Amino acid sequence: MDHSLLPPSDPFAIVPQGASGESVWVTGVGIVSSLGCNFSDFSAAIRAGRCGATVASAAFGHAKSALEMPVYKVNGFDPADHFDIDAHATMDPLVQFSLVAAREAVAMAGLAAGDVDPARAGICFGTAGGATHNRLRYGREIASGDMSNGSLMQDFPYHSACAHIMNEFGWSGSSLTISSSCASASVAIGKAYEAIRCGQADVMICGGAEFLGPISMAIMNSTRLLTKDAMRPFDETRTGFALGEGAGLICLESERHWRGRQATALCKLSGWGMAAEAYDPRTPEPTGRWQALAMTRALESARVDASAIQYINLNGNATEHDVSEVRAMRKVFGERYRRIPTSATKPMYGYLLGANGAVDAISVIAGMRQKFMPPTINLAKQDARCDIDCVPGTAAREASFQTALSLNAGLGGICCALILQDPAVPSRNHP
C-alpha cells in the first residue's frame, strides 16, 4: 500500500479511537431488487449469475417505446403484501422498498423491541434522487389546482425513508439522509459505522434506495452514459451502464450490543474511507489516484494491510471509469492487483445510483457467508487495460474469502470504500 497517498493529518485515515472504541458488525441485511426481494433469493441469483434486466419499453410501456435499452426494475414486489391499501396508495415506491428492506434487516438481526434502547438506535440513509415518484405526482396535482391529496407530500423529501423507518421501529436516535451521487449508500454506511464506533449509537440501519421511473430514466439517458446493449464492465466493447432500482439496508451493531443479547453476526465492518476527485462532473480522473486514496483510507481505518484483501467488488459501471479503477488498484496493491479476484456485480441487478454501495456490499456479504465469489457476467473480450482477475463467467467462483473491499464512485468524483471481514478474522482495529 502506498502510504504517500495519505496527506498529513488526514481526517479519514484512521477513525478516532479510544479505550472505549466499539467494533462494528453486520447483524442483518435486507434487499429489494430485480433479482429478488429477500436476501435468500438475491444471494441465490448472484451465485447463479442471473441477470434481472428487461427492456425499457416493457418496463414503461409506450412512454419509452422508442428507447430499447435494458433496465432493472424490481421484480416480484407487491406493496399490498406489505402495507394496507390506505398506506401504500400514497407511499412513494422508494419508501416502500426501503421499509421492506429495513424490516428484513432487523428481523434477520433478531432485534426485538425490548432489545434496543430507542434513544441509541438510528438510521443513516443514502439516495441520489429521493422519492421522485411522489414528487412528480404531487407537483402535477398542485399544477392542476387539486390539493386534495396532501399525504403525497409526506414522502417526497429526501428524508422520508428515514422518517418511516424510525417510526416503524419506534427509534429516537440519530436520523441522517445523505445524497452523495452514486456513492450515497456507501457513505451512509460509513457514517453509521462512525456513530457506533465513537459510542453514539448501539444499532444503526444504513444503506440506500432508488426508484426508477420514466422521468428519471429520461434524465439519466441525457448523460449519454447509458448502454443500449448489455452492461459489460471491463469488456473492450462496453458502451455504458444500465439503470436499476431497489433498496439495500444493513443493520449495524456494536459488538458489545449483539453479544449482550446473545445474537450472532454476519460479518464485521472494519473500516471505510472516502475521497473526492474535484476533476470533472462527468469524466473520471484517468490515473485513479482518488479511488486509490479512498481505498487507502479504508485500509488505514480498518488497520488492515493491503496484502490481506482477498476479494474486491469494484464500481464497474462499464465506462472508461473501469480503467481508472484498475489503475487505482495498481497504486494500492502493487503488482498483486492482477491476482486479486475482482468482480463487478452490477450487470446482474443494475446501476442503482444512490443504492449502489449497499447492494454491492450485500453481494460481498452473500459471497463471504456462502463461500463464493460473484461473477462479472456479460464479459466477451476483456479490455487489455483492465488486466485483472475479474471472475468472468456465467456463475460464481466457488471459493472462500475472509477480508474484502467494496469500492463505489459517482458522478462528480465521489469515491467510497468499505472493508468487510469474516467474523473468524482476529480483530486488529480495537483494543
# chains A, B, ... in the order shown; residues from 1 in each chain; ligands from 1
call {"tool": "closest_atom_pairs", "arguments": {"of": "region 336-404 of chain A", "to": "region 198-217 of chain A", "cutoff": "12 Å", "atoms": "only C-alpha atoms", "output": "JSON lines"}}
result
{"residue": "A:Gly350", "atom": "CA", "partner": "A:Leu212", "partner_atom": "CA", "distance": 10.9}
{"residue": "A:Tyr351", "atom": "CA", "partner": "A:Glu210", "partner_atom": "CA", "distance": 10.1}
{"residue": "A:Leu352", "atom": "CA", "partner": "A:Glu210", "partner_atom": "CA", "distance": 6.4}
{"residue": "A:Leu353", "atom": "CA", "partner": "A:Glu210", "partner_atom": "CA", "distance": 6.9}
{"residue": "A:Gly354", "atom": "CA", "partner": "A:Gly208", "partner_atom": "CA", "distance": 6.2}
{"residue": "A:Ala355", "atom": "CA", "partner": "A:Gly208", "partner_atom": "CA", "distance": 4.4}
{"residue": "A:Asn356", "atom": "CA", "partner": "A:Gly208", "partner_atom": "CA", "distance": 7.7}
{"residue": "A:Gly357", "atom": "CA", "partner": "A:Gly207", "partner_atom": "CA", "distance": 7.4}
{"residue": "A:Ala358", "atom": "CA", "partner": "A:Gly207", "partner_atom": "CA", "distance": 4.9}
{"residue": "A:Val359", "atom": "CA", "partner": "A:Gly207", "partner_atom": "CA", "distance": 8.1}
{"residue": "A:Asp360", "atom": "CA", "partner": "A:Gly207", "partner_atom": "CA", "distance": 10.4}
{"residue": "A:Ala361", "atom": "CA", "partner": "A:Gly207", "partner_atom": "CA", "distance": 9.3}
{"residue": "A:Ile362", "atom": "CA", "partner": "A:Gly207", "partner_atom": "CA", "distance": 9.8}
call {"tool": "write_last_selection", "arguments": {"atoms": "N, CA and C atoms", "output": "PDB file, in the first residue's frame"}}
result
ATOM      1  N   GLY A 350     -28.192  -4.178 -11.974  1.00  0.00           N
ATOM      2  CA  GLY A 350     -28.311  -2.815 -12.476  1.00  0.00           C
ATOM      3  C   GLY A 350     -27.525  -1.791 -11.681  1.00  0.00           C
ATOM      4  N   TYR A 351     -27.410  -0.638 -12.294  1.00  0.00           N
ATOM      5  CA  TYR A 351     -26.727   0.501 -11.662  1.00  0.00           C
ATOM      6  C   TYR A 351     -27.771   1.268 -10.870  1.00  0.00           C
ATOM      7  N   LEU A 352     -27.744   1.124  -9.532  1.00  0.00           N
ATOM      8  CA  LEU A 352     -28.815   1.608  -8.677  1.00  0.00           C
ATOM      9  C   LEU A 352     -28.553   3.002  -8.102  1.00  0.00           C
ATOM     10  N   LEU A 353     -27.665   3.762  -8.743  1.00  0.00           N
ATOM     11  CA  LEU A 353     -27.396   5.143  -8.329  1.00  0.00           C
ATOM     12  C   LEU A 353     -27.090   5.203  -6.833  1.00  0.00           C
ATOM     13  N   GLY A 354     -27.898   5.911  -6.051  1.00  0.00           N
ATOM     14  CA  GLY A 354     -27.605   6.095  -4.642  1.00  0.00           C
ATOM     15  C   GLY A 354     -27.644   4.850  -3.801  1.00  0.00           C
ATOM     16  N   ALA A 355     -28.214   3.763  -4.305  1.00  0.00           N
ATOM     17  CA  ALA A 355     -28.269   2.499  -3.558  1.00  0.00           C
ATOM     18  C   ALA A 355     -27.101   1.570  -3.892  1.00  0.00           C
ATOM     19  N   ASN A 356     -26.255   1.956  -4.841  1.00  0.00           N
ATOM     20  CA  ASN A 356     -25.196   1.063  -5.317  1.00  0.00           C
ATOM     21  C   ASN A 356     -24.369   0.441  -4.205  1.00  0.00           C
ATOM     22  N   GLY A 357     -23.850   1.273  -3.315  1.00  0.00           N
ATOM     23  CA  GLY A 357     -22.900   0.801  -2.316  1.00  0.00           C
ATOM     24  C   GLY A 357     -23.476  -0.250  -1.397  1.00  0.00           C
ATOM     25  N   ALA A 358     -24.745  -0.101  -1.023  1.00  0.00           N
ATOM     26  CA  ALA A 358     -25.365  -1.067  -0.117  1.00  0.00           C
ATOM     27  C   ALA A 358     -25.600  -2.399  -0.808  1.00  0.00           C
ATOM     28  N   VAL A 359     -26.111  -2.373  -2.037  1.00  0.00           N
ATOM     29  CA  VAL A 359     -26.400  -3.622  -2.746  1.00  0.00           C
ATOM     30  C   VAL A 359     -25.098  -4.338  -3.108  1.00  0.00           C
ATOM     31  N   ASP A 360     -24.076  -3.590  -3.493  1.00  0.00           N
ATOM     32  CA  ASP A 360     -22.769  -4.208  -3.734  1.00  0.00           C
ATOM     33  C   ASP A 360     -22.234  -4.863  -2.461  1.00  0.00           C
ATOM     34  N   ALA A 361     -22.346  -4.156  -1.331  1.00  0.00           N
ATOM     35  CA  ALA A 361     -21.863  -4.712  -0.063  1.00  0.00           C
ATOM     36  C   ALA A 361     -22.627  -5.975   0.317  1.00  0.00           C
ATOM     37  N   ILE A 362     -23.926  -5.984   0.060  1.00  0.00           N
ATOM     38  CA  ILE A 362     -24.725  -7.181   0.356  1.00  0.00           C
ATOM     39  C   ILE A 362     -24.295  -8.344  -0.544  1.00  0.00           C
TER      40      ILE A 362
END
call {"tool": "closest_atom_pairs", "arguments": {"of": "region 271-302 of chain A", "to": "region 171-180 of chain A", "cutoff": "12 Å", "atoms": "only C-alpha atoms", "output": "JSON lines"}}
result
{"residue": "A:Met274", "atom": "CA", "partner": "A:Ser180", "partner_atom": "CA", "distance": 11.0}
{"residue": "A:Ala275", "atom": "CA", "partner": "A:Ser180", "partner_atom": "CA", "distance": 11.3}
{"residue": "A:Ala276", "atom": "CA", "partner": "A:Ser180", "partner_atom": "CA", "distance": 10.3}
call {"tool": "atom_distance", "arguments": {"atom1": "CA of Cys182 (chain A)", "atom2": "CA of Ser400 (chain A)"}}
result
28.5 Å
call {"tool": "residues_around", "arguments": {"residues": "Ile340 (chain A)", "least_positions_apart": "5", "cutoff": "8 Å", "atoms": "only C-alpha atoms", "output": "ChimeraX atom specification"}}
result
/A:309-312,388-389
call {"tool": "write_last_selection", "arguments": {"atoms": "N, CA and C atoms", "output": "PDB file, in the first residue's frame"}}
result
ATOM      1  N   ILE A 309      -6.295  -8.287   1.640  1.00  0.00           N
ATOM      2  CA  ILE A 309      -7.507  -8.257   0.827  1.00  0.00           C
ATOM      3  C   ILE A 309      -7.528  -9.456  -0.118  1.00  0.00           C
ATOM      4  N   GLN A 310      -8.597 -10.228  -0.032  1.00  0.00           N
ATOM      5  CA  GLN A 310      -8.722 -11.457  -0.830  1.00  0.00           C
ATOM      6  C   GLN A 310      -9.772 -11.367  -1.923  1.00  0.00           C
ATOM      7  N   TYR A 311     -10.603 -10.350  -1.880  1.00  0.00           N
ATOM      8  CA  TYR A 311     -11.638 -10.178  -2.903  1.00  0.00           C
ATOM      9  C   TYR A 311     -12.016  -8.701  -2.938  1.00  0.00           C
ATOM     10  N   ILE A 312     -12.289  -8.194  -4.143  1.00  0.00           N
ATOM     11  CA  ILE A 312     -12.696  -6.795  -4.321  1.00  0.00           C
ATOM     12  C   ILE A 312     -13.939  -6.743  -5.191  1.00  0.00           C
ATOM     13  N   ILE A 388      -7.071  -7.566 -14.892  1.00  0.00           N
ATOM     14  CA  ILE A 388      -7.321  -8.101 -13.561  1.00  0.00           C
ATOM     15  C   ILE A 388      -8.046  -9.439 -13.667  1.00  0.00           C
ATOM     16  N   ASP A 389      -8.068 -10.156 -12.552  1.00  0.00           N
ATOM     17  CA  ASP A 389      -8.881 -11.371 -12.472  1.00  0.00           C
ATOM     18  C   ASP A 389     -10.293 -10.928 -12.121  1.00  0.00           C
TER      19      ASP A 389
END
call {"tool": "residues_around", "arguments": {"residues": "region 371-382 of chain A", "least_positions_apart": "6", "cutoff": "9 Å", "atoms": "only C-alpha atoms", "output": "number ranges by chain"}}
result
A: 46-51, 230-238, 311, 313, 341-348, 363-364, 390-401
call {"tool": "write_last_selection", "arguments": {"atoms": "C-alpha atoms", "output": "PDB file, in the first residue's frame"}}
result
ATOM      1  CA  ILE A  46     -25.957 -13.687  -7.582  1.00  0.00           C
ATOM      2  CA  ARG A  47     -24.385 -17.107  -7.175  1.00  0.00           C
ATOM      3  CA  ALA A  48     -26.072 -18.348 -10.352  1.00  0.00           C
ATOM      4  CA  GLY A  49     -25.057 -15.255 -12.362  1.00  0.00           C
ATOM      5  CA  ARG A  50     -28.643 -14.298 -13.181  1.00  0.00           C
ATOM      6  CA  CYS A  51     -29.429 -11.043 -14.941  1.00  0.00           C
ATOM      7  CA  ALA A 230     -25.938  -5.499 -22.216  1.00  0.00           C
ATOM      8  CA  MET A 231     -23.917  -3.936 -19.414  1.00  0.00           C
ATOM      9  CA  ARG A 232     -20.340  -5.258 -19.797  1.00  0.00           C
ATOM     10  CA  PRO A 233     -17.770  -3.986 -17.278  1.00  0.00           C
ATOM     11  CA  PHE A 234     -14.104  -4.482 -18.281  1.00  0.00           C
ATOM     12  CA  ASP A 235     -15.102  -5.542 -21.814  1.00  0.00           C
ATOM     13  CA  GLU A 236     -13.414  -3.728 -24.690  1.00  0.00           C
ATOM     14  CA  THR A 237     -16.809  -3.298 -26.400  1.00  0.00           C
ATOM     15  CA  ARG A 238     -18.584  -1.874 -23.318  1.00  0.00           C
ATOM     16  CA  TYR A 311     -11.638 -10.178  -2.903  1.00  0.00           C
ATOM     17  CA  ASN A 313     -16.053  -5.623  -5.642  1.00  0.00           C
ATOM     18  CA  PRO A 341     -10.317 -11.800  -7.603  1.00  0.00           C
ATOM     19  CA  THR A 342     -12.216  -8.646  -8.517  1.00  0.00           C
ATOM     20  CA  SER A 343     -15.761  -8.619  -9.849  1.00  0.00           C
ATOM     21  CA  ALA A 344     -18.353  -6.078 -10.915  1.00  0.00           C
ATOM     22  CA  THR A 345     -21.806  -7.310  -9.917  1.00  0.00           C
ATOM     23  CA  LYS A 346     -23.996  -4.520 -11.305  1.00  0.00           C
ATOM     24  CA  PRO A 347     -24.686  -6.287 -14.638  1.00  0.00           C
ATOM     25  CA  MET A 348     -26.815  -8.697 -12.601  1.00  0.00           C
ATOM     26  CA  SER A 363     -23.351  -9.087  -2.646  1.00  0.00           C
ATOM     27  CA  VAL A 364     -19.990  -9.281  -0.882  1.00  0.00           C
ATOM     28  CA  CYS A 390     -12.449 -10.159 -12.897  1.00  0.00           C
ATOM     29  CA  VAL A 391     -14.098 -13.517 -12.093  1.00  0.00           C
ATOM     30  CA  PRO A 392     -15.562 -13.865 -15.599  1.00  0.00           C
ATOM     31  CA  GLY A 393     -18.284 -16.346 -16.392  1.00  0.00           C
ATOM     32  CA  THR A 394     -21.950 -17.047 -16.077  1.00  0.00           C
ATOM     33  CA  ALA A 395     -21.857 -18.242 -12.460  1.00  0.00           C
ATOM     34  CA  ALA A 396     -19.943 -17.607  -9.257  1.00  0.00           C
ATOM     35  CA  ARG A 397     -16.499 -18.970  -8.480  1.00  0.00           C
ATOM     36  CA  GLU A 398     -16.768 -21.368  -5.564  1.00  0.00           C
ATOM     37  CA  ALA A 399     -14.154 -20.033  -3.162  1.00  0.00           C
ATOM     38  CA  SER A 400     -13.963 -18.671   0.353  1.00  0.00           C
ATOM     39  CA  PHE A 401     -12.578 -15.286   1.407  1.00  0.00           C
TER      40      PHE A 401
END
call {"tool": "closest_residue", "arguments": {"among": "A:Cys162, A:Ala59, A:Leu299, A:Ala109", "to": "Leu94 (chain A)", "atoms": "only C-alpha atoms"}}
result
A:Cys162
call {"tool": "select_by_dssp", "arguments": {"residues": "region 110-284 of chain A", "states": "helix (DSSP H, G or I)", "output": "PDB file with C-alpha atoms, in the first residue's frame"}}
result
ATOM      1  CA  ALA A 113     -38.353  -4.075  20.592  1.00  0.00           C
ATOM      2  CA  GLY A 114     -37.031  -4.807  24.077  1.00  0.00           C
ATOM      3  CA  ASP A 115     -33.515  -5.476  22.762  1.00  0.00           C
ATOM      4  CA  PRO A 118     -34.678   3.572  21.279  1.00  0.00           C
ATOM      5  CA  ALA A 119     -32.505   6.591  22.012  1.00  0.00           C
ATOM      6  CA  ARG A 120     -29.400   4.675  20.904  1.00  0.00           C
ATOM      7  CA  THR A 132     -39.110  11.113  -7.285  1.00  0.00           C
ATOM      8  CA  HIS A 133     -42.446   9.388  -7.938  1.00  0.00           C
ATOM      9  CA  ASN A 134     -44.376  11.265  -5.263  1.00  0.00           C
ATOM     10  CA  ARG A 135     -42.583  14.489  -6.090  1.00  0.00           C
ATOM     11  CA  LEU A 136     -43.916  14.240  -9.629  1.00  0.00           C
ATOM     12  CA  ARG A 137     -47.423  13.182  -8.529  1.00  0.00           C
ATOM     13  CA  TYR A 138     -47.717  15.988  -6.006  1.00  0.00           C
ATOM     14  CA  GLY A 139     -46.323  18.552  -8.445  1.00  0.00           C
ATOM     15  CA  ARG A 140     -48.900  17.582 -11.045  1.00  0.00           C
ATOM     16  CA  GLU A 141     -51.733  17.904  -8.521  1.00  0.00           C
ATOM     17  CA  ILE A 142     -50.577  21.344  -7.414  1.00  0.00           C
ATOM     18  CA  ALA A 143     -50.237  22.466 -11.030  1.00  0.00           C
ATOM     19  CA  SER A 144     -53.786  21.285 -11.769  1.00  0.00           C
ATOM     20  CA  GLY A 150     -51.686  16.336   0.688  1.00  0.00           C
ATOM     21  CA  SER A 151     -50.454  12.996   2.041  1.00  0.00           C
ATOM     22  CA  LEU A 152     -48.320  12.674  -1.099  1.00  0.00           C
ATOM     23  CA  MET A 153     -46.197  15.496   0.278  1.00  0.00           C
ATOM     24  CA  GLN A 154     -45.034  13.348   3.192  1.00  0.00           C
ATOM     25  CA  SER A 160     -38.882  10.435   4.004  1.00  0.00           C
ATOM     26  CA  ALA A 161     -37.478   6.903   4.102  1.00  0.00           C
ATOM     27  CA  CYS A 162     -35.614   7.702   7.332  1.00  0.00           C
ATOM     28  CA  ALA A 163     -38.775   9.052   8.943  1.00  0.00           C
ATOM     29  CA  HIS A 164     -40.822   5.999   8.002  1.00  0.00           C
ATOM     30  CA  ILE A 165     -38.180   3.562   9.244  1.00  0.00           C
ATOM     31  CA  MET A 166     -37.675   5.391  12.544  1.00  0.00           C
ATOM     32  CA  ASN A 167     -41.449   5.424  13.075  1.00  0.00           C
ATOM     33  CA  GLU A 168     -41.698   1.751  12.143  1.00  0.00           C
ATOM     34  CA  PHE A 169     -39.366   0.691  14.947  1.00  0.00           C
ATOM     35  CA  SER A 184     -24.565   7.753  -1.325  1.00  0.00           C
ATOM     36  CA  ALA A 185     -25.250   4.358   0.262  1.00  0.00           C
ATOM     37  CA  SER A 186     -21.548   3.641   0.849  1.00  0.00           C
ATOM     38  CA  VAL A 187     -21.096   6.997   2.553  1.00  0.00           C
ATOM     39  CA  ALA A 188     -24.237   6.347   4.635  1.00  0.00           C
ATOM     40  CA  ILE A 189     -22.780   3.005   5.762  1.00  0.00           C
ATOM     41  CA  GLY A 190     -19.523   4.736   6.659  1.00  0.00           C
ATOM     42  CA  LYS A 191     -21.282   7.417   8.696  1.00  0.00           C
ATOM     43  CA  ALA A 192     -23.351   4.789  10.521  1.00  0.00           C
ATOM     44  CA  TYR A 193     -20.101   2.959  11.279  1.00  0.00           C
ATOM     45  CA  GLU A 194     -18.717   6.145  12.823  1.00  0.00           C
ATOM     46  CA  ALA A 195     -21.797   6.645  15.006  1.00  0.00           C
ATOM     47  CA  ILE A 196     -21.324   3.196  16.556  1.00  0.00           C
ATOM     48  CA  ARG A 197     -17.531   3.350  16.598  1.00  0.00           C
ATOM     49  CA  PRO A 214     -39.661   7.198 -16.879  1.00  0.00           C
ATOM     50  CA  ILE A 215     -38.650  10.747 -15.901  1.00  0.00           C
ATOM     51  CA  SER A 216     -35.546   9.556 -14.063  1.00  0.00           C
ATOM     52  CA  MET A 217     -34.777   7.307 -16.999  1.00  0.00           C
ATOM     53  CA  ALA A 218     -35.026  10.189 -19.468  1.00  0.00           C
ATOM     54  CA  ILE A 219     -32.847  12.449 -17.333  1.00  0.00           C
ATOM     55  CA  MET A 220     -30.108   9.859 -16.971  1.00  0.00           C
ATOM     56  CA  ASN A 221     -30.295   8.985 -20.663  1.00  0.00           C
ATOM     57  CA  GLU A 255     -20.003  -5.975  19.371  1.00  0.00           C
ATOM     58  CA  ARG A 256     -20.950  -5.255  22.967  1.00  0.00           C
ATOM     59  CA  HIS A 257     -24.607  -4.913  21.970  1.00  0.00           C
ATOM     60  CA  TRP A 258     -25.065  -8.045  19.844  1.00  0.00           C
ATOM     61  CA  ARG A 259     -23.042 -10.211  22.197  1.00  0.00           C
ATOM     62  CA  GLY A 260     -25.004  -8.825  25.142  1.00  0.00           C
TER      63      GLY A 260
END
